[in-house]
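Undergrad: If it helps, the file is called structure13.cif and holds mmCIF, C-alpha atoms; chains and numbers go by the auth columns:
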data_start
loop_
_atom_site.group_PDB
_atom_site.id
_atom_site.type_symbol
_atom_site.label_atom_id
_atom_site.label_comp_id
_atom_site.label_asym_id
_atom_site.label_seq_id
_atom_site.Cartn_x
_atom_site.Cartn_y
_atom_site.Cartn_z
_atom_site.B_iso_or_equiv
_atom_site.auth_seq_id
_atom_site.auth_asym_id
ATOM 1 C CA MET A 1 0.000 0.000 0.000 0.00 1 A
ATOM 2 C CA ILE A 2 1.337 3.462 -0.863 0.00 2 A
ATOM 3 C CA SER A 3 0.137 6.581 0.894 0.00 3 A
ATOM 4 C CA ARG A 4 1.207 10.184 0.604 0.00 4 A
ATOM 5 C CA HIS A 5 1.479 12.804 3.321 0.00 5 A
ATOM 6 C CA LYS A 6 2.752 16.229 2.186 0.00 6 A
ATOM 7 C CA ASP A 7 5.980 15.510 0.293 0.00 7 A
ATOM 8 C CA ARG A 8 6.479 12.055 1.808 0.00 8 A
ATOM 9 C CA PHE A 9 5.548 8.777 0.230 0.00 9 A
ATOM 10 C CA TYR A 10 5.085 5.730 2.417 0.00 10 A
ATOM 11 C CA LEU A 11 5.306 2.222 1.053 0.00 11 A
ATOM 12 C CA TYR A 12 3.932 -0.347 3.487 0.00 12 A
ATOM 13 C CA LEU A 13 4.992 -3.944 3.144 0.00 13 A
ATOM 14 C CA SER A 14 3.756 -6.663 5.441 0.00 14 A
ATOM 15 C CA GLN A 15 6.628 -8.681 6.820 0.00 15 A
ATOM 16 C CA ALA A 16 5.752 -11.207 9.541 0.00 16 A
ATOM 17 C CA GLY A 17 3.377 -8.772 11.188 0.00 17 A
ATOM 18 C CA ARG A 18 5.725 -5.827 10.774 0.00 18 A
ATOM 19 C CA GLY A 19 5.402 -2.861 8.508 0.00 19 A
ATOM 20 C CA ARG A 20 8.184 -1.173 6.615 0.00 20 A
ATOM 21 C CA TRP A 21 8.201 2.270 5.085 0.00 21 A
ATOM 22 C CA ILE A 22 10.461 4.103 2.735 0.00 22 A
ATOM 23 C CA TYR A 23 10.666 7.878 2.880 0.00 23 A
ATOM 24 C CA GLU A 24 10.914 9.300 -0.598 0.00 24 A
ATOM 25 C CA LYS A 25 11.186 12.928 -1.647 0.00 25 A
ATOM 26 C CA ARG A 26 11.639 14.221 -5.204 0.00 26 A
ATOM 27 C CA LYS A 27 12.041 10.615 -6.404 0.00 27 A
ATOM 28 C CA GLU A 28 15.230 10.190 -4.352 0.00 28 A
ATOM 29 C CA ILE A 29 15.211 7.804 -1.427 0.00 29 A
ATOM 30 C CA LEU A 30 16.640 9.854 1.433 0.00 30 A
ATOM 31 C CA SER A 31 16.302 7.491 4.363 0.00 31 A
ATOM 32 C CA PHE A 32 14.424 4.445 5.494 0.00 32 A
ATOM 33 C CA CYS A 33 13.148 3.037 8.721 0.00 33 A
ATOM 34 C CA PHE A 34 11.458 -0.141 9.806 0.00 34 A
ATOM 35 C CA LEU A 35 8.346 0.319 11.918 0.00 35 A
ATOM 36 C CA LYS A 36 6.838 -2.020 14.472 0.00 36 A
ATOM 37 C CA SER A 37 3.585 -2.194 12.568 0.00 37 A
ATOM 38 C CA ILE A 38 1.740 -0.481 9.785 0.00 38 A
ATOM 39 C CA THR A 39 -0.154 1.436 12.440 0.00 39 A
ATOM 40 C CA GLY A 40 2.768 3.877 12.482 0.00 40 A
ATOM 41 C CA MET A 41 4.397 3.048 15.807 0.00 41 A
ATOM 42 C CA ALA A 42 8.017 4.184 15.424 0.00 42 A
ATOM 43 C CA LYS A 43 11.001 2.220 16.605 0.00 43 A
ATOM 44 C CA LYS A 44 12.663 3.281 19.838 0.00 44 A
ATOM 45 C CA ILE A 45 16.448 3.318 20.018 0.00 45 A
ATOM 46 C CA MET A 46 18.436 4.306 23.099 0.00 46 A
ATOM 47 C CA ILE A 47 21.960 5.677 22.816 0.00 47 A
ATOM 48 C CA ILE A 48 23.955 5.074 25.987 0.00 48 A
ATOM 49 C CA ASN A 49 27.368 6.676 26.482 0.00 49 A
ATOM 50 C CA GLY A 50 29.795 5.708 29.217 0.00 50 A
ATOM 51 C CA PRO A 51 32.584 7.442 31.104 0.00 51 A
ATOM 52 C CA ASN A 52 34.204 10.634 29.844 0.00 52 A
ATOM 53 C CA LEU A 53 31.950 10.855 26.776 0.00 53 A
ATOM 54 C CA ASN A 54 30.319 13.880 28.390 0.00 54 A
ATOM 55 C CA LEU A 55 33.633 15.602 27.542 0.00 55 A
ATOM 56 C CA LEU A 56 33.417 15.099 23.763 0.00 56 A
ATOM 57 C CA GLY A 57 34.564 18.243 21.982 0.00 57 A
ATOM 58 C CA VAL A 58 36.957 19.033 24.846 0.00 58 A
ATOM 59 C CA ARG A 59 38.724 15.739 25.581 0.00 59 A
ATOM 60 C CA GLU A 60 41.497 14.799 23.157 0.00 60 A
ATOM 61 C CA PRO A 61 40.022 16.433 20.023 0.00 61 A
ATOM 62 C CA GLY A 62 42.722 14.795 17.892 0.00 62 A
ATOM 63 C CA ILE A 63 41.167 11.414 18.716 0.00 63 A
ATOM 64 C CA TYR A 64 37.510 12.196 19.403 0.00 64 A
ATOM 65 C CA GLY A 65 36.921 15.338 17.316 0.00 65 A
ATOM 66 C CA ASP A 66 35.881 18.812 18.370 0.00 66 A
ATOM 67 C CA SER A 67 32.094 18.336 18.505 0.00 67 A
ATOM 68 C CA SER A 68 30.127 17.558 21.635 0.00 68 A
ATOM 69 C CA PHE A 69 27.593 14.749 21.553 0.00 69 A
ATOM 70 C CA GLU A 70 24.917 17.262 22.567 0.00 70 A
ATOM 71 C CA SER A 71 25.575 19.203 19.332 0.00 71 A
ATOM 72 C CA TYR A 72 25.541 15.995 17.246 0.00 72 A
ATOM 73 C CA LEU A 73 22.377 14.452 18.721 0.00 73 A
ATOM 74 C CA PRO A 74 19.892 16.931 17.153 0.00 74 A
ATOM 75 C CA LYS A 75 21.383 16.211 13.711 0.00 75 A
ATOM 76 C CA LEU A 76 20.959 12.495 14.310 0.00 76 A
ATOM 77 C CA ARG A 77 17.369 12.950 15.472 0.00 77 A
ATOM 78 C CA SER A 78 16.477 15.112 12.457 0.00 78 A
ATOM 79 C CA ARG A 79 17.920 12.497 10.111 0.00 79 A
ATOM 80 C CA TYR A 80 15.735 9.822 11.729 0.00 80 A
ATOM 81 C CA GLU A 81 12.712 11.909 12.631 0.00 81 A
ATOM 82 C CA ASP A 82 10.424 8.874 12.599 0.00 82 A
ATOM 83 C CA VAL A 83 12.606 6.986 15.080 0.00 83 A
ATOM 84 C CA GLU A 84 12.400 7.820 18.762 0.00 84 A
ATOM 85 C CA ILE A 85 16.041 8.276 19.778 0.00 85 A
ATOM 86 C CA GLY A 86 16.696 8.502 23.507 0.00 86 A
ATOM 87 C CA TYR A 87 20.011 9.455 25.051 0.00 87 A
ATOM 88 C CA TYR A 88 21.713 8.736 28.364 0.00 88 A
ATOM 89 C CA GLN A 89 25.264 9.285 29.610 0.00 89 A
ATOM 90 C CA SER A 90 26.896 8.301 32.879 0.00 90 A
ATOM 91 C CA ASN A 91 30.415 7.956 34.218 0.00 91 A
ATOM 92 C CA ILE A 92 29.219 5.239 36.625 0.00 92 A
ATOM 93 C CA GLU A 93 29.076 1.573 35.580 0.00 93 A
ATOM 94 C CA GLY A 94 26.106 0.695 37.796 0.00 94 A
ATOM 95 C CA GLU A 95 24.059 3.583 36.378 0.00 95 A
ATOM 96 C CA LEU A 96 24.762 2.378 32.821 0.00 96 A
ATOM 97 C CA ILE A 97 23.559 -1.098 33.792 0.00 97 A
ATOM 98 C CA GLY A 98 20.481 0.354 35.490 0.00 98 A
ATOM 99 C CA LYS A 99 19.531 2.337 32.358 0.00 99 A
ATOM 100 C CA MET A 100 20.101 -0.673 30.092 0.00 100 A
ATOM 101 C CA GLN A 101 17.873 -2.830 32.302 0.00 101 A
ATOM 102 C CA GLU A 102 15.248 -0.071 32.323 0.00 102 A
ATOM 103 C CA VAL A 103 15.029 0.264 28.527 0.00 103 A
ATOM 104 C CA GLY A 104 16.335 -3.101 27.305 0.00 104 A
ATOM 105 C CA PHE A 105 12.944 -4.807 27.487 0.00 105 A
ATOM 106 C CA SER A 106 10.876 -2.021 25.910 0.00 106 A
ATOM 107 C CA CYS A 107 13.035 -0.414 23.220 0.00 107 A
ATOM 108 C CA ASP A 108 13.985 -1.835 19.845 0.00 108 A
ATOM 109 C CA GLY A 109 17.732 -1.457 20.221 0.00 109 A
ATOM 110 C CA ILE A 110 20.593 0.066 22.154 0.00 110 A
ATOM 111 C CA VAL A 111 23.613 1.864 20.734 0.00 111 A
ATOM 112 C CA LEU A 112 26.262 1.524 23.436 0.00 112 A
ATOM 113 C CA ASN A 113 29.559 3.341 23.714 0.00 113 A
ATOM 114 C CA ALA A 114 30.762 1.987 27.031 0.00 114 A
ATOM 115 C CA GLY A 115 34.007 3.970 26.858 0.00 115 A
ATOM 116 C CA ALA A 116 36.749 2.465 29.038 0.00 116 A
ATOM 117 C CA TYR A 117 34.249 -0.002 30.571 0.00 117 A
ATOM 118 C CA THR A 118 34.334 -1.778 27.196 0.00 118 A
ATOM 119 C CA HIS A 119 37.678 -3.275 28.169 0.00 119 A
ATOM 120 C CA THR A 120 36.942 -4.161 31.790 0.00 120 A
ATOM 121 C CA SER A 121 33.268 -4.801 32.508 0.00 121 A
ATOM 122 C CA VAL A 122 31.952 -8.330 32.778 0.00 122 A
ATOM 123 C CA ALA A 123 28.903 -6.772 34.477 0.00 123 A
ATOM 124 C CA LEU A 124 28.010 -4.856 31.284 0.00 124 A
ATOM 125 C CA LEU A 125 28.439 -8.047 29.246 0.00 125 A
ATOM 126 C CA ASP A 126 26.100 -9.945 31.588 0.00 126 A
ATOM 127 C CA CYS A 127 23.561 -7.121 31.357 0.00 127 A
ATOM 128 C CA ILE A 128 23.679 -7.020 27.535 0.00 128 A
ATOM 129 C CA ARG A 129 23.129 -10.780 27.383 0.00 129 A
ATOM 130 C CA SER A 130 20.063 -10.490 29.616 0.00 130 A
ATOM 131 C CA LEU A 131 18.247 -7.905 27.468 0.00 131 A
ATOM 132 C CA ARG A 132 15.580 -8.634 24.863 0.00 132 A
ATOM 133 C CA CYS A 133 16.685 -5.912 22.448 0.00 133 A
ATOM 134 C CA PRO A 134 19.873 -6.026 20.355 0.00 134 A
ATOM 135 C CA THR A 135 22.861 -3.899 21.342 0.00 135 A
ATOM 136 C CA ILE A 136 25.395 -2.420 18.926 0.00 136 A
ATOM 137 C CA GLU A 137 28.792 -1.577 20.417 0.00 137 A
ATOM 138 C CA VAL A 138 30.149 1.745 19.150 0.00 138 A
ATOM 139 C CA HIS A 139 33.492 3.526 19.399 0.00 139 A
ATOM 140 C CA ILE A 140 34.300 6.930 17.940 0.00 140 A
ATOM 141 C CA SER A 141 37.971 6.106 17.369 0.00 141 A
ATOM 142 C CA ASN A 142 39.423 2.993 15.809 0.00 142 A
ATOM 143 C CA VAL A 143 40.352 1.231 19.041 0.00 143 A
ATOM 144 C CA HIS A 144 42.575 -1.194 17.109 0.00 144 A
ATOM 145 C CA GLN A 145 44.904 1.657 16.124 0.00 145 A
ATOM 146 C CA ARG A 146 45.328 2.704 19.743 0.00 146 A
ATOM 147 C CA GLU A 147 46.919 1.244 22.879 0.00 147 A
ATOM 148 C CA GLU A 148 47.067 -2.533 23.142 0.00 148 A
ATOM 149 C CA PHE A 149 44.675 -2.711 26.121 0.00 149 A
ATOM 150 C CA ARG A 150 41.940 -1.124 23.954 0.00 150 A
ATOM 151 C CA HIS A 151 42.121 -3.964 21.417 0.00 151 A
ATOM 152 C CA HIS A 152 40.040 -6.324 23.566 0.00 152 A
ATOM 153 C CA SER A 153 36.365 -5.753 24.317 0.00 153 A
ATOM 154 C CA MET A 154 34.699 -7.521 27.210 0.00 154 A
ATOM 155 C CA ILE A 155 31.228 -6.636 25.865 0.00 155 A
ATOM 156 C CA SER A 156 31.496 -7.562 22.156 0.00 156 A
ATOM 157 C CA ALA A 157 30.463 -11.160 22.773 0.00 157 A
ATOM 158 C CA GLY A 158 27.025 -9.979 23.898 0.00 158 A
ATOM 159 C CA CYS A 159 26.524 -7.388 21.158 0.00 159 A
ATOM 160 C CA LYS A 160 24.917 -7.885 17.769 0.00 160 A
ATOM 161 C CA GLY A 161 27.812 -6.018 16.158 0.00 161 A
ATOM 162 C CA VAL A 162 30.627 -3.523 16.637 0.00 162 A
ATOM 163 C CA ILE A 163 31.245 -0.246 14.795 0.00 163 A
ATOM 164 C CA CYS A 164 34.403 1.757 15.411 0.00 164 A
ATOM 165 C CA GLY A 165 36.615 4.371 13.847 0.00 165 A
ATOM 166 C CA PHE A 166 34.101 6.553 11.988 0.00 166 A
ATOM 167 C CA GLY A 167 33.961 9.416 14.470 0.00 167 A
ATOM 168 C CA LEU A 168 30.503 10.478 15.590 0.00 168 A
ATOM 169 C CA ASP A 169 29.156 8.942 12.365 0.00 169 A
ATOM 170 C CA SER A 170 29.652 5.572 14.111 0.00 170 A
ATOM 171 C CA TYR A 171 26.365 6.286 15.939 0.00 171 A
ATOM 172 C CA ARG A 172 24.494 6.805 12.641 0.00 172 A
ATOM 173 C CA LEU A 173 25.938 3.572 11.276 0.00 173 A
ATOM 174 C CA ALA A 174 24.782 1.743 14.410 0.00 174 A
ATOM 175 C CA ILE A 175 21.254 3.131 14.030 0.00 175 A
ATOM 176 C CA GLU A 176 21.224 2.006 10.380 0.00 176 A
ATOM 177 C CA ALA A 177 22.292 -1.473 11.513 0.00 177 A
ATOM 178 C CA LEU A 178 19.523 -1.643 14.142 0.00 178 A
ATOM 179 C CA LEU A 179 16.905 -0.489 11.657 0.00 179 A
ATOM 180 C CA ALA A 180 17.985 -3.157 9.193 0.00 180 A
ATOM 181 C CA LEU A 181 17.600 -6.015 11.717 0.00 181 A
#
Take the structure in the file and give it back as C-alpha cells.
TA:
Amino acid sequence: MISRHKDRFYLYLSQAGRGRWIYEKRKEILSFCFLKSITGMAKKIMIINGPNLNLLGVREPGIYGDSSFESYLPKLRSRYEDVEIGYYQSNIEGELIGKMQEVGFSCDGIVLNAGAYTHTSVALLDCIRSLRCPTIEVHISNVHQREEFRHHSMISAGCKGVICGFGLDSYRLAIEALLAL
C-alpha cells in the first residue's frame, strides 16, 4: 500500500506482522526506517554513552573530534525523525547497567559506547546478554589503532555487532544497523 502525506511517500509492506516504510522525496530515497507495525508506531532506540563521553569536543580532540555529543544528537534525530532516539550518559558503571535494564525490554535497540568499561566490565556483558533488544557496540575512534589494552572488548560477545573508527558517524551507522535487523 502506498500513501502520501505532504511531500512524503510511504510504502507499506507486510513482513511477519511488521510494517516497513520508505521515505521518498523528489524521487530520491533519502532514508528508510522499519516500523513495528503499519499502524505507524516508530522504533525506539536508546543511545547510551559511558565514562568521559560527556567531555566530547573538549577531551582529546585529535582522537575524538571537536564536537560535543549534545551538538551531534539533534542532527541524528532530524535524520531519523520517525525513530524515537533517547540518550543517556553516565560515568558510573552501575548507572549504565540500570539504564540498560530499564530500557532493554521495551526499546527496539541500544547503541552503546561503554568507553573504558568496554575493556573491563563483565557486568556490562552480563547485562547485555540479559536484554531482549539487540545492542550495537560503538566507538568513535578505531580502538585497534590505539593502545594494546583497547584492542580487547569484554562486551562484544554480547553485542549484535561492533562499529568503530568513523567518528561520531559511528552512531548513525549503528542506528542504520539496528533499523535493518
Undergrad: Find the residue from A:Leu173, A:Gly167, A:Glu93, A:Ser156 that sits nearest to Ser68 in chain A; use only C-alpha atoms when measuring.
TA: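 Once distances to Ser68 in chain A are computed over only C-alpha atoms, the minimum belongs to A:Gly167.
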Undergrad: Quick check, in Å to one decimal: how far apart do CA of Val162 in chain A and CA of Thr135 in chain A lie?
TA: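 Taking CA of Val162 in chain A as the start and CA of Thr135 in chain A as the end point, the length is 9.1 Å.
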Undergrad: When you look at Leu56 in chain A with a cut-off of 9 Å (counting all atoms listed in the file), what residues show up, excluding the ones that are within fewer than 2 positions of it in the same chain? I need them as a compact mmCIF listing (two decimals) with C-alpha atoms, keeping the file's coordinate frame.
TA:
# COMPACT_ATOMS: atom_id res chain seq x y z
CA ASN A 52 34.20 10.63 29.84
CA LEU A 53 31.95 10.86 26.78
CA ASN A 54 30.32 13.88 28.39
CA VAL A 58 36.96 19.03 24.85
CA ARG A 59 38.72 15.74 25.58
CA GLU A 60 41.50 14.80 23.16
CA PRO A 61 40.02 16.43 20.02
CA TYR A 64 37.51 12.20 19.40
CA GLY A 65 36.92 15.34 17.32
CA ASP A 66 35.88 18.81 18.37
CA SER A 67 32.09 18.34 18.50
CA SER A 68 30.13 17.56 21.64
CA PHE A 69 27.59 14.75 21.55
CA GLU A 70 24.92 17.26 22.57
Undergrad: Name the residues in contact with Ala157 in chain A at a cut-off of 9 Å, using all atoms listed in the file, excluding same-chain residues fewer than 3 positions from it; report them as number ranges by chain.
TA: A: 125, 129, 153-154, 160-161
Undergrad: Would you translate the PyMOL selection byres ((chain A and resi 108) around 10) into the concrete set of residues it matches in this file, as a CSV table (one decimal) with C-alpha atoms, in the coordinates of the input?
TA:
chain,number,residue,atom,x,y,z
A,35,LEU,CA,8.3,0.3,11.9
A,36,LYS,CA,6.8,-2.0,14.5
A,42,ALA,CA,8.0,4.2,15.4
A,43,LYS,CA,11.0,2.2,16.6
A,44,LYS,CA,12.7,3.3,19.8
A,45,ILE,CA,16.4,3.3,20.0
A,46,MET,CA,18.4,4.3,23.1
A,84,GLU,CA,12.4,7.8,18.8
A,103,VAL,CA,15.0,0.3,28.5
A,104,GLY,CA,16.3,-3.1,27.3
A,105,PHE,CA,12.9,-4.8,27.5
A,106,SER,CA,10.9,-2.0,25.9
A,107,CYS,CA,13.0,-0.4,23.2
A,109,GLY,CA,17.7,-1.5,20.2
A,110,ILE,CA,20.6,0.1,22.2
A,132,ARG,CA,15.6,-8.6,24.9
A,133,CYS,CA,16.7,-5.9,22.4
A,134,PRO,CA,19.9,-6.0,20.4
A,135,THR,CA,22.9,-3.9,21.3
A,178,LEU,CA,19.5,-1.6,14.1
A,179,LEU,CA,16.9,-0.5,11.7
A,181,LEU,CA,17.6,-6.0,11.7
Undergrad: Using only C-alpha atoms, which of the listed residues (A:Leu131, A:Val111, A:Leu168, A:Cys159) sits closest to Ile63 in chain A?
TA: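 So, comparing all the options, the nearest one is A:Leu168.
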Undergrad: Which one is closest to Thr120 in chain A: A:Ile48, A:Tyr171, A:Gln145, A:Ile155? Count only C-alpha atoms.
TA: A:Ile155
Undergrad: Work out how far apart CA of Tyr72 in chain A and CA of Arg146 in chain A are and give it in Å to one decimal.
TA: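 Taking CA of Tyr72 in chain A as the start and CA of Arg146 in chain A as the end point, the length is 24.0 Å.
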Undergrad: I would like the residues chosen by the PyMOL selection byres ((chain A and resi 77) around 12) on the shown file; could you give them as a PDB file with C-alpha atoms, in the coordinates of the input?
TA:
ATOM      1  CA  LYS A  44      12.663   3.281  19.838  1.00  0.00           C
ATOM      2  CA  ILE A  45      16.448   3.318  20.018  1.00  0.00           C
ATOM      3  CA  MET A  46      18.436   4.306  23.099  1.00  0.00           C
ATOM      4  CA  ILE A  47      21.960   5.677  22.816  1.00  0.00           C
ATOM      5  CA  GLU A  70      24.917  17.262  22.567  1.00  0.00           C
ATOM      6  CA  SER A  71      25.575  19.203  19.332  1.00  0.00           C
ATOM      7  CA  TYR A  72      25.541  15.995  17.246  1.00  0.00           C
ATOM      8  CA  LEU A  73      22.377  14.452  18.721  1.00  0.00           C
ATOM      9  CA  PRO A  74      19.892  16.931  17.153  1.00  0.00           C
ATOM     10  CA  LYS A  75      21.383  16.211  13.711  1.00  0.00           C
ATOM     11  CA  LEU A  76      20.959  12.495  14.310  1.00  0.00           C
ATOM     12  CA  SER A  78      16.477  15.112  12.457  1.00  0.00           C
ATOM     13  CA  ARG A  79      17.920  12.497  10.111  1.00  0.00           C
ATOM     14  CA  TYR A  80      15.735   9.822  11.729  1.00  0.00           C
ATOM     15  CA  GLU A  81      12.712  11.909  12.631  1.00  0.00           C
ATOM     16  CA  ASP A  82      10.424   8.874  12.599  1.00  0.00           C
ATOM     17  CA  VAL A  83      12.606   6.986  15.080  1.00  0.00           C
ATOM     18  CA  GLU A  84      12.400   7.820  18.762  1.00  0.00           C
ATOM     19  CA  ILE A  85      16.041   8.276  19.778  1.00  0.00           C
ATOM     20  CA  GLY A  86      16.696   8.502  23.507  1.00  0.00           C
ATOM     21  CA  TYR A  87      20.011   9.455  25.051  1.00  0.00           C
ATOM     22  CA  TYR A 171      26.365   6.286  15.939  1.00  0.00           C
ATOM     23  CA  ARG A 172      24.494   6.805  12.641  1.00  0.00           C
ATOM     24  CA  ILE A 175      21.254   3.131  14.030  1.00  0.00           C
TER      25      ILE A 175
END
